[in-house]
$ cat protein23.tsv   # TSV, C-alpha atoms
chain	number	residue	atom	x	y	z
A	1	MET	CA	1.11	86.88	-33.65
A	2	GLU	CA	-0.97	83.93	-32.36
A	3	GLN	CA	0.62	81.42	-34.76
A	4	PRO	CA	3.79	80.72	-32.68
A	5	ARG	CA	1.63	79.75	-29.67
A	6	ILE	CA	-0.31	77.03	-31.53
A	7	TRP	CA	2.33	74.27	-31.29
A	8	PRO	CA	3.14	74.85	-27.58
A	9	ASP	CA	-0.58	74.75	-26.79
A	10	ARG	CA	-1.06	71.55	-28.77
A	11	PHE	CA	1.97	69.96	-27.13
A	12	LYS	CA	0.65	70.89	-23.68
A	13	ARG	CA	-2.86	69.63	-24.50
A	14	PHE	CA	-1.90	66.30	-26.05
A	15	PHE	CA	1.18	65.40	-23.99
A	16	LEU	CA	1.54	67.23	-20.69
A	17	ASN	CA	-2.18	67.09	-19.89
A	18	ASN	CA	-2.53	63.47	-21.04
A	19	LYS	CA	-2.01	61.19	-18.03
A	20	PHE	CA	-1.60	58.09	-20.19
A	21	VAL	CA	1.25	59.68	-22.16
A	22	LEU	CA	2.83	60.87	-18.92
A	23	LEU	CA	2.65	57.33	-17.55
A	24	LEU	CA	4.44	56.04	-20.66
A	25	LEU	CA	7.10	58.71	-20.25
A	26	VAL	CA	7.60	57.77	-16.60
A	27	LEU	CA	7.96	54.09	-17.56
A	28	LEU	CA	10.45	55.07	-20.26
A	29	LEU	CA	12.52	57.04	-17.74
A	30	VAL	CA	12.43	54.12	-15.29
A	31	GLY	CA	13.59	51.78	-18.07
A	32	LEU	CA	16.43	54.11	-19.00
A	33	ASN	CA	17.53	54.32	-15.35
A	34	ILE	CA	17.54	50.53	-15.07
A	35	MET	CA	19.60	50.25	-18.27
A	36	VAL	CA	22.12	52.82	-17.04
A	37	LEU	CA	22.42	51.13	-13.62
A	38	SER	CA	22.97	47.76	-15.29
A	39	LYS	CA	25.96	49.23	-17.12
A	40	ILE	CA	27.56	50.43	-13.88
A	41	SER	CA	26.67	47.45	-11.69
A	42	PHE	CA	30.06	47.62	-9.93
A	43	VAL	CA	28.91	50.85	-8.26
A	44	LEU	CA	25.93	49.00	-6.76
A	45	HIS	CA	27.99	46.02	-5.53
A	46	PRO	CA	28.37	47.35	-1.94
A	47	ILE	CA	24.61	47.93	-1.82
A	48	ALA	CA	24.01	44.37	-3.04
A	49	VAL	CA	26.34	43.01	-0.33
A	50	LEU	CA	24.52	45.09	2.30
A	51	ILE	CA	21.13	43.80	1.17
A	52	LYS	CA	22.40	40.21	1.10
A	53	THR	CA	23.72	40.62	4.64
A	54	ILE	CA	20.58	42.08	6.21
A	55	VAL	CA	17.86	40.34	4.20
A	56	LEU	CA	17.87	37.05	6.16
A	57	PRO	CA	17.71	38.65	9.66
A	58	ILE	CA	14.96	40.98	8.47
A	59	ILE	CA	12.94	38.12	6.93
A	60	LEU	CA	13.26	35.96	10.06
A	61	SER	CA	12.47	38.91	12.31
A	62	GLY	CA	9.50	39.82	10.13
A	63	ILE	CA	8.07	36.30	10.36
A	64	LEU	CA	8.44	36.30	14.15
A	65	TYR	CA	7.03	39.83	14.31
A	66	TYR	CA	3.77	38.80	12.67
A	67	LEU	CA	3.54	35.80	15.01
A	68	LEU	CA	4.33	37.61	18.26
A	69	ASN	CA	2.94	41.10	17.67
A	70	PRO	CA	-0.69	40.10	18.47
A	71	LEU	CA	0.49	38.76	21.85
A	72	VAL	CA	2.37	41.98	22.60
A	73	ASP	CA	-0.69	44.05	21.60
A	74	MET	CA	-2.88	41.91	23.84
A	75	MET	CA	-0.59	42.44	26.84
A	76	GLU	CA	-0.38	46.14	26.07
A	77	LYS	CA	-4.17	46.38	26.21
A	78	ARG	CA	-3.96	44.87	29.70
A	79	LYS	CA	-1.96	47.92	30.86
A	80	ILE	CA	1.45	46.24	30.53
A	81	LYS	CA	4.06	48.50	28.94
A	82	ARG	CA	5.22	47.37	25.53
A	83	GLY	CA	8.85	46.94	26.58
A	84	TRP	CA	7.89	44.77	29.56
A	85	SER	CA	5.50	42.78	27.35
A	86	ILE	CA	8.33	41.98	24.93
A	87	LEU	CA	10.62	41.00	27.83
A	88	ILE	CA	7.97	38.67	29.30
A	89	LEU	CA	7.43	37.13	25.89
A	90	TYR	CA	11.17	36.58	25.43
A	91	LEU	CA	11.42	34.85	28.80
A	92	LEU	CA	8.42	32.65	27.94
A	93	ILE	CA	9.96	31.68	24.58
A	94	ALA	CA	13.30	30.95	26.27
A	95	GLY	CA	11.51	28.64	28.72
A	96	ILE	CA	9.66	26.82	25.94
A	97	LEU	CA	12.86	26.39	23.94
A	98	THR	CA	14.62	25.01	27.02
A	99	VAL	CA	11.87	22.43	27.54
A	100	VAL	CA	11.97	21.50	23.85
A	101	VAL	CA	15.74	21.12	23.89
A	102	LEU	CA	15.70	18.97	27.03
A	103	ALA	CA	12.73	16.82	25.99
A	104	VAL	CA	12.75	16.62	22.19
A	105	ILE	CA	16.40	16.93	21.17
A	106	PRO	CA	17.54	13.69	22.88
A	107	VAL	CA	14.74	11.73	21.18
A	108	LEU	CA	15.51	13.42	17.86
A	109	ARG	CA	19.22	12.71	18.24
A	110	THR	CA	18.53	9.05	19.01
A	111	GLN	CA	16.34	8.67	15.92
A	112	ILE	CA	18.88	10.43	13.68
A	113	MET	CA	21.74	8.23	14.94
A	114	SER	CA	19.55	5.14	14.50
A	115	LEU	CA	18.73	6.20	10.95
A	116	ILE	CA	22.43	6.67	10.17
A	117	ASP	CA	23.32	3.30	11.71
A	118	ASN	CA	20.53	1.49	9.87
A	119	PHE	CA	21.16	3.15	6.52
A	120	PRO	CA	23.38	0.28	5.23
A	121	THR	CA	20.66	-2.20	6.24
A	122	TYR	CA	18.05	-0.18	4.38
A	123	SER	CA	20.30	-0.01	1.32
A	124	GLU	CA	20.73	-3.80	1.43
A	125	LYS	CA	16.96	-4.30	1.67
A	126	VAL	CA	16.41	-2.02	-1.32
A	127	ARG	CA	19.02	-3.97	-3.28
A	128	GLN	CA	17.40	-7.28	-2.37
A	129	GLN	CA	13.97	-6.03	-3.37
A	130	PHE	CA	15.41	-4.79	-6.63
A	131	GLU	CA	17.03	-8.18	-7.31
A	132	GLU	CA	13.76	-9.96	-6.49
A	133	LEU	CA	11.99	-7.65	-8.91
A	134	THR	CA	14.56	-8.19	-11.66
A	135	GLY	CA	14.39	-11.95	-11.15
A	136	SER	CA	10.64	-12.14	-11.56
A	137	GLN	CA	9.05	-13.43	-14.74
A	138	LEU	CA	7.07	-10.21	-15.24
A	139	TYR	CA	10.26	-8.15	-15.22
A	140	SER	CA	11.93	-10.54	-17.66
A	141	GLN	CA	9.05	-10.10	-20.08
A	142	LEU	CA	9.19	-6.33	-19.59
A	143	GLN	CA	12.95	-6.36	-20.15
A	144	GLU	CA	12.57	-8.22	-23.41
A	145	ALA	CA	9.77	-5.89	-24.58
A	146	VAL	CA	11.52	-2.61	-23.72
A	147	ASN	CA	15.12	-3.87	-24.13
A	148	ILE	CA	16.27	-2.90	-20.62
A	149	ASN	CA	19.59	-4.10	-19.28
A	150	SER	CA	19.22	-4.17	-15.49
A	151	GLN	CA	22.96	-4.38	-14.82
A	152	GLU	CA	23.70	-1.34	-16.95
A	153	TRP	CA	20.78	0.51	-15.36
A	154	TRP	CA	21.98	-0.27	-11.84
A	155	GLY	CA	25.53	0.67	-12.81
A	156	THR	CA	24.31	4.02	-14.12
A	157	ILE	CA	22.44	4.68	-10.88
A	158	THR	CA	25.56	3.82	-8.85
A	159	GLN	CA	27.72	6.12	-10.99
A	160	LYS	CA	25.28	9.01	-10.66
A	161	ALA	CA	25.07	8.50	-6.89
A	162	THR	CA	28.88	8.55	-6.68
A	163	GLU	CA	29.04	11.76	-8.71
A	164	ILE	CA	26.43	13.41	-6.50
A	165	LEU	CA	28.32	12.33	-3.36
A	166	ASN	CA	31.63	13.67	-4.70
A	167	SER	CA	30.07	16.98	-5.69
A	168	THR	CA	28.45	17.20	-2.27
A	169	TRP	CA	31.78	16.77	-0.52
A	170	SER	CA	33.36	19.35	-2.79
A	171	LYS	CA	30.72	21.86	-1.72
A	172	VAL	CA	31.16	21.30	2.01
A	173	GLY	CA	33.25	24.47	2.31
A	174	GLY	CA	30.55	26.58	0.70
A	175	PHE	CA	27.94	24.95	2.88
A	176	LEU	CA	29.94	25.71	6.03
A	177	GLY	CA	30.27	29.33	4.94
A	178	ALA	CA	26.53	29.60	4.32
A	179	PHE	CA	25.87	27.86	7.64
A	180	THR	CA	28.05	30.42	9.43
A	181	GLU	CA	26.12	33.28	7.83
A	182	ILE	CA	22.82	31.69	8.89
A	183	VAL	CA	24.04	31.27	12.49
A	184	LEU	CA	25.17	34.90	12.64
A	185	SER	CA	21.84	36.01	11.20
A	186	ILE	CA	19.92	33.99	13.78
A	187	ILE	CA	21.99	35.56	16.57
A	188	THR	CA	21.00	39.06	15.42
A	189	VAL	CA	17.29	38.17	15.09
A	190	PRO	CA	16.33	38.76	18.78
A	191	PHE	CA	17.79	42.27	18.71
A	192	VAL	CA	16.13	43.21	15.41
A	193	LEU	CA	12.85	41.63	16.54
A	194	PHE	CA	12.86	43.59	19.80
A	195	TYR	CA	12.93	46.94	18.02
A	196	MET	CA	10.41	45.78	15.43
A	197	LEU	CA	7.98	44.80	18.18
A	198	LYS	CA	8.67	47.99	20.12
A	199	ASP	CA	8.55	50.53	17.27
A	200	GLY	CA	6.85	48.61	14.44
A	201	LYS	CA	3.66	50.65	14.64
A	202	LYS	CA	5.61	53.84	13.95
A	203	LEU	CA	7.06	52.56	10.68
A	204	PRO	CA	4.06	53.37	8.39
A	205	GLN	CA	3.96	56.96	9.66
A	206	LYS	CA	7.71	57.30	9.09
A	207	ILE	CA	7.28	56.10	5.50
A	208	LEU	CA	4.33	58.43	4.91
A	209	SER	CA	6.26	61.43	6.21
A	210	PHE	CA	8.53	61.24	3.13
A	211	LEU	CA	5.58	61.25	0.70
A	212	PRO	CA	3.48	64.12	-0.64
A	213	THR	CA	0.49	64.99	1.54
A	214	GLN	CA	-2.11	64.30	-1.13
A	215	SER	CA	-0.90	60.73	-1.75
A	216	ARG	CA	-0.54	59.67	1.90
A	217	SER	CA	-4.06	58.29	2.33
A	218	GLY	CA	-3.77	56.09	-0.77
A	219	ILE	CA	-0.30	54.83	0.15
A	220	LEU	CA	-1.50	54.12	3.70
A	221	HIS	CA	-4.32	52.00	2.29
A	222	VAL	CA	-1.79	50.06	0.18
A	223	LEU	CA	0.46	49.48	3.21
A	224	GLN	CA	-2.50	48.25	5.25
A	225	ASP	CA	-3.50	45.79	2.51
A	226	ILE	CA	0.08	44.51	2.22
A	227	ASN	CA	0.31	44.11	5.99
A	228	HIS	CA	-2.98	42.17	6.03
A	229	GLN	CA	-1.89	39.85	3.21
A	230	ILE	CA	1.53	39.06	4.72
A	231	SER	CA	0.28	38.61	8.28
A	232	SER	CA	-2.59	36.36	7.20
A	233	PHE	CA	-0.30	34.14	5.14
A	234	ILE	CA	2.54	33.85	7.66
A	235	ARG	CA	0.37	33.20	10.71
A	236	GLY	CA	-1.98	30.88	8.88
A	237	GLN	CA	0.68	28.86	7.07
A	238	ILE	CA	2.80	28.32	10.17
A	239	ILE	CA	-0.20	27.25	12.26
A	240	VAL	CA	-1.32	24.86	9.50
A	241	SER	CA	2.21	23.41	9.23
A	242	VAL	CA	2.42	22.83	12.99
A	243	CYS	CA	-0.99	21.12	12.95
A	244	ILE	CA	0.12	18.86	10.08
A	245	GLY	CA	3.30	17.90	11.94
A	246	ILE	CA	1.39	17.06	15.14
A	247	LEU	CA	-1.26	15.01	13.31
A	248	LEU	CA	1.35	13.08	11.32
A	249	TYR	CA	3.39	12.37	14.44
A	250	ILE	CA	0.30	10.99	16.19
A	251	GLY	CA	-0.60	8.92	13.12
A	252	TYR	CA	2.94	7.58	12.68
A	253	MET	CA	3.09	6.63	16.37
A	254	ILE	CA	-0.24	4.80	16.10
A	255	ILE	CA	0.88	2.67	13.13
A	256	GLY	CA	4.36	2.17	14.62
A	257	LEU	CA	6.38	3.81	11.81
A	258	ASP	CA	10.08	4.17	12.54
A	259	TYR	CA	11.55	7.67	12.94
A	260	ALA	CA	8.08	9.17	13.45
A	261	LEU	CA	9.41	12.37	15.05
A	262	ILE	CA	11.94	13.09	12.30
A	263	LEU	CA	9.41	12.43	9.52
A	264	ALA	CA	6.77	14.59	11.22
A	265	ILE	CA	9.23	17.48	11.68
A	266	ILE	CA	10.27	17.23	8.01
A	267	ALA	CA	6.61	17.29	6.96
A	268	SER	CA	5.91	20.26	9.22
A	269	PHE	CA	8.78	22.32	7.78
A	270	THR	CA	8.10	21.45	4.14
A	271	SER	CA	4.38	22.16	4.52
A	272	VAL	CA	5.25	25.85	4.77
A	273	VAL	CA	5.42	25.73	0.96
A	274	PRO	CA	1.81	25.44	-0.29
A	275	TYR	CA	0.85	22.48	-2.50
A	276	LEU	CA	4.42	21.41	-3.34
A	277	GLY	CA	5.56	21.01	0.28
A	278	PRO	CA	3.39	17.99	1.13
A	279	ALA	CA	4.54	16.21	-2.05
A	280	ILE	CA	8.16	16.69	-0.94
A	281	ALA	CA	7.45	15.68	2.66
A	282	ILE	CA	5.87	12.34	1.78
A	283	THR	CA	9.01	11.05	0.01
A	284	PRO	CA	11.13	10.11	3.07
A	285	ALA	CA	8.09	8.60	4.79
A	286	LEU	CA	7.40	6.48	1.71
A	287	ILE	CA	10.99	5.21	1.67
A	288	VAL	CA	10.98	4.26	5.36
A	289	ALA	CA	7.56	2.57	5.08
A	290	LEU	CA	8.50	0.73	1.88
A	291	VAL	CA	11.68	-0.64	3.43
A	292	THR	CA	9.79	-1.72	6.55
A	293	SER	CA	7.00	-3.74	4.89
A	294	PRO	CA	4.24	-3.44	2.26
A	295	VAL	CA	1.65	-3.40	5.06
A	296	MET	CA	3.42	-0.45	6.71
A	297	LEU	CA	3.42	1.33	3.35
A	298	LEU	CA	-0.37	0.98	3.12
A	299	LYS	CA	-0.76	2.20	6.72
A	300	MET	CA	1.47	5.20	6.06
A	301	VAL	CA	-0.44	6.17	2.91
A	302	ALA	CA	-3.71	5.86	4.86
A	303	VAL	CA	-2.39	8.15	7.63
A	304	TRP	CA	-1.09	10.67	5.12
A	305	THR	CA	-4.40	10.70	3.23
A	306	ILE	CA	-6.41	11.21	6.43
A	307	VAL	CA	-4.16	14.06	7.58
A	308	GLN	CA	-4.35	15.77	4.19
A	309	LEU	CA	-8.15	15.48	4.21
A	310	ILE	CA	-8.34	16.96	7.71
A	311	GLU	CA	-5.99	19.77	6.69
A	312	GLY	CA	-7.79	20.52	3.44
A	313	LYS	CA	-11.36	20.29	4.74
A	314	PHE	CA	-11.12	21.64	8.29
A	315	ILE	CA	-7.79	23.25	9.26
A	316	SER	CA	-6.88	25.42	6.26
A	317	PRO	CA	-10.42	26.76	5.61
A	318	GLN	CA	-10.71	27.83	9.25
A	319	ILE	CA	-7.22	29.30	9.63
A	320	MET	CA	-6.24	30.49	6.14
A	321	GLY	CA	-9.69	31.18	4.73
A	322	LYS	CA	-9.72	33.05	1.43
A	323	THR	CA	-7.42	35.88	2.46
A	324	LEU	CA	-4.91	35.56	-0.38
A	325	LYS	CA	-7.52	35.03	-3.13
A	326	ILE	CA	-4.94	33.36	-5.38
A	327	HIS	CA	-5.83	30.41	-7.58
A	328	PRO	CA	-3.95	27.17	-6.74
A	329	ILE	CA	-2.58	26.89	-10.29
A	330	THR	CA	-1.19	30.41	-10.00
A	331	ILE	CA	0.47	29.51	-6.69
A	332	ILE	CA	2.13	26.43	-8.21
A	333	PHE	CA	3.49	28.39	-11.19
A	334	VAL	CA	4.68	31.21	-8.93
A	335	ILE	CA	6.53	28.76	-6.65
A	336	LEU	CA	8.17	26.96	-9.58
A	337	THR	CA	9.25	30.23	-11.22
A	338	ALA	CA	10.59	31.72	-7.97
A	339	GLY	CA	12.43	28.48	-7.23
A	340	ASN	CA	14.18	28.57	-10.62
A	341	LEU	CA	15.10	32.22	-10.15
A	342	PHE	CA	16.09	32.41	-6.48
A	343	GLY	CA	16.38	28.83	-5.21
A	344	VAL	CA	15.08	27.80	-1.78
A	345	VAL	CA	14.62	31.40	-0.65
A	346	GLY	CA	12.47	32.05	-3.70
A	347	ILE	CA	10.28	29.03	-2.92
A	348	LEU	CA	9.71	30.23	0.65
A	349	LEU	CA	8.98	33.84	-0.31
A	350	ALA	CA	7.12	33.17	-3.56
A	351	VAL	CA	3.54	33.30	-2.28
A	352	PRO	CA	3.83	36.29	0.11
A	353	GLY	CA	5.93	38.14	-2.48
A	354	TYR	CA	3.31	37.50	-5.15
A	355	ALA	CA	0.58	38.65	-2.75
A	356	VAL	CA	2.43	41.93	-2.12
A	357	LEU	CA	3.03	42.44	-5.84
A	358	LYS	CA	-0.63	41.72	-6.55
A	359	VAL	CA	-1.74	44.35	-4.03
A	360	CYS	CA	0.59	46.98	-5.52
A	361	VAL	CA	-0.39	46.23	-9.13
A	362	THR	CA	-4.09	46.21	-8.23
A	363	HIS	CA	-3.90	49.64	-6.58
A	364	ILE	CA	-1.80	51.07	-9.42
A	365	PHE	CA	-4.32	49.79	-11.96
A	366	GLU	CA	-7.22	51.25	-9.98
A	367	TRP	CA	-5.44	54.61	-9.83
A	368	PHE	CA	-4.71	54.49	-13.55
A	369	LYS	CA	-8.29	53.49	-14.37
A	370	ASN	CA	-9.72	56.36	-12.33
A	371	THR	CA	-7.34	59.05	-13.61
A	372	SER	CA	-6.83	58.14	-17.26
A	373	GLY	CA	-10.47	58.18	-18.32
A	374	LEU	CA	-9.84	55.24	-20.69
A	375	TYR	CA	-12.26	53.02	-18.79
A	376	ASP	CA	-15.09	55.54	-18.44
A	377	PRO	CA	-18.27	53.77	-19.71
A	378	ARG	CA	-19.69	57.13	-20.83
A	379	LYS	CA	-16.96	57.47	-23.47
$ encode --input "protein23.tsv" --output "structure tokens"
Amino acid sequence: MEQPRIWPDRFKRFFLNNKFVLLLLVLLLVGLNIMVLSKISFVLHPIAVLIKTIVLPIILSGILYYLLNPLVDMMEKRKIKRGWSILILYLLIAGILTVVVLAVIPVLRTQIMSLIDNFPTYSEKVRQQFEELTGSQLYSQLQEAVNINSQEWWGTITQKATEILNSTWSKVGGFLGAFTEIVLSIITVPFVLFYMLKDGKKLPQKILSFLPTQSRSGILHVLQDINHQISSFIRGQIIVSVCIGILLYIGYMIIGLDYALILAIIASFTSVVPYLGPAIAITPALIVALVTSPVMLLKMVAVWTIVQLIEGKFISPQIMGKTLKIHPITIIFVILTAGNLFGVVGILLAVPGYAVLKVCVTHIFEWFKNTSGLYDPRK
């Protein structure tokens, strides 16, 4: 009579009571669900459109939330209601933007128009320098050694530039459509940001209310770690980028580099991307300095080197610290991979996204290590 119960007992002991096997079964079920959903992707198309529509306002609002929330918390501690604190902060930001528009935009517009007007002159200078280089004895020897035809090479460059220009004009319609979406997203940001600043503290509790009671403390710890990683990166990286822009603008003004404001703003924006951003930002400054004079090129490189040393030795260690705990090589590979997968958005979100993923994987591994018994040193 006991024989029929042997196989159910063994199945229960080796499968249902084995957490590792259950984890594999859960992963198998998740994989099967993903495969099924990939076969009926048309059903998920409205959801994809919804996510694509709201993702940019949420990202922009999230960045501003992490920047402004400490100020709102500080005013709230001074017995100012949270709604009034947000309103005061909005009025202050509106005033700062008005001053920036009235003071900076005219200078920026003048430099942009000057750059556009002088672009043919710069192109002519580059052509003359190229002809001087091709006419030198050293280049002639190099041409004979490597078998380079300068006319064919220059013709190839001209053809490629023409193709790029034609393709750019053909994509103007798509660019205008994307620009319209960005403008609409920016318009909705203040409204989304207001409610995030007002009710953001309630969000973790709302998420936890949908979870089992026993797992709430662990999930809360994960959410706190994610919040710390994202806030540290966003605040630190933006402050570092602003400092780099200010230092470069001061340095460019000292050496008398043309279009100092434009080049500093470009450097400030591109520095948001760690490691790769500064390499991208130096390119336009190199071109302007090279066209101006060799002496200006040396001055610009000296300014850039000094600013990078100040940023690497003093600014970043004090502001960023070691909060992310990610190796620089890992960051570079993550940025390159995200850029290939998702373009510019992937480059911007690569590091914080990796930090969030690292926190989740770390906590999942710790849970698995503690519950599976596979890492018990006594076994």
$ residues_around --input "protein23.tsv" --residues "stretch 50-54 of chain A" --least-positions-apart "5" --cutoff "12 Å" --atoms "all atoms listed in the file" --output "list in words"
Leu44, His45, Ile59, Leu60, Ser61, Gly62, Ala178, Glu181, Ile182, Leu184, Ser185, Ile186, Thr188, Val189, Val192 and Val345 of chain A
$ atom_distance --input "protein23.tsv" --atom1 "atom CA of A:Phe194" --atom2 "atom CA of A:Val351"
26.1 Å
$ closest_residue --input "protein23.tsv" --among "A:Leu87, A:Ile364, A:Ile47, A:Cys243" --to "A:Tyr195" --atoms "all atoms listed in the file"
A:Leu87
$ atom_distance --input "protein23.tsv" --atom1 "atom CA of A:Trp304" --atom2 "atom CA of A:Ile282"
7.9 Å
$ atom_distance --input "protein23.tsv" --atom1 "atom CA of A:Thr213" --atom2 "atom CA of A:Leu197"
27.2 Å
$ closest_residue --input "protein23.tsv" --among "A:Leu348, A:Leu68, A:Met113, A:Leu25" --to "A:Leu193" --atoms "only C-alpha atoms"
A:Leu68
$ residues_near_point --input "protein23.tsv" --point "(6.1, 35.9, -2.9)" --cutoff "12 Å" --atoms "only C-alpha atoms" --output "JSON, numbers by chain"
{"A": [226, 229, 230, 233, 234, 273, 274, 324, 326, 330, 331, 332, 333, 334, 335, 336, 337, 338, 339, 342, 345, 346, 347, 348, 349, 350, 351, 352, 353, 354, 355, 356, 357, 358, 359]}
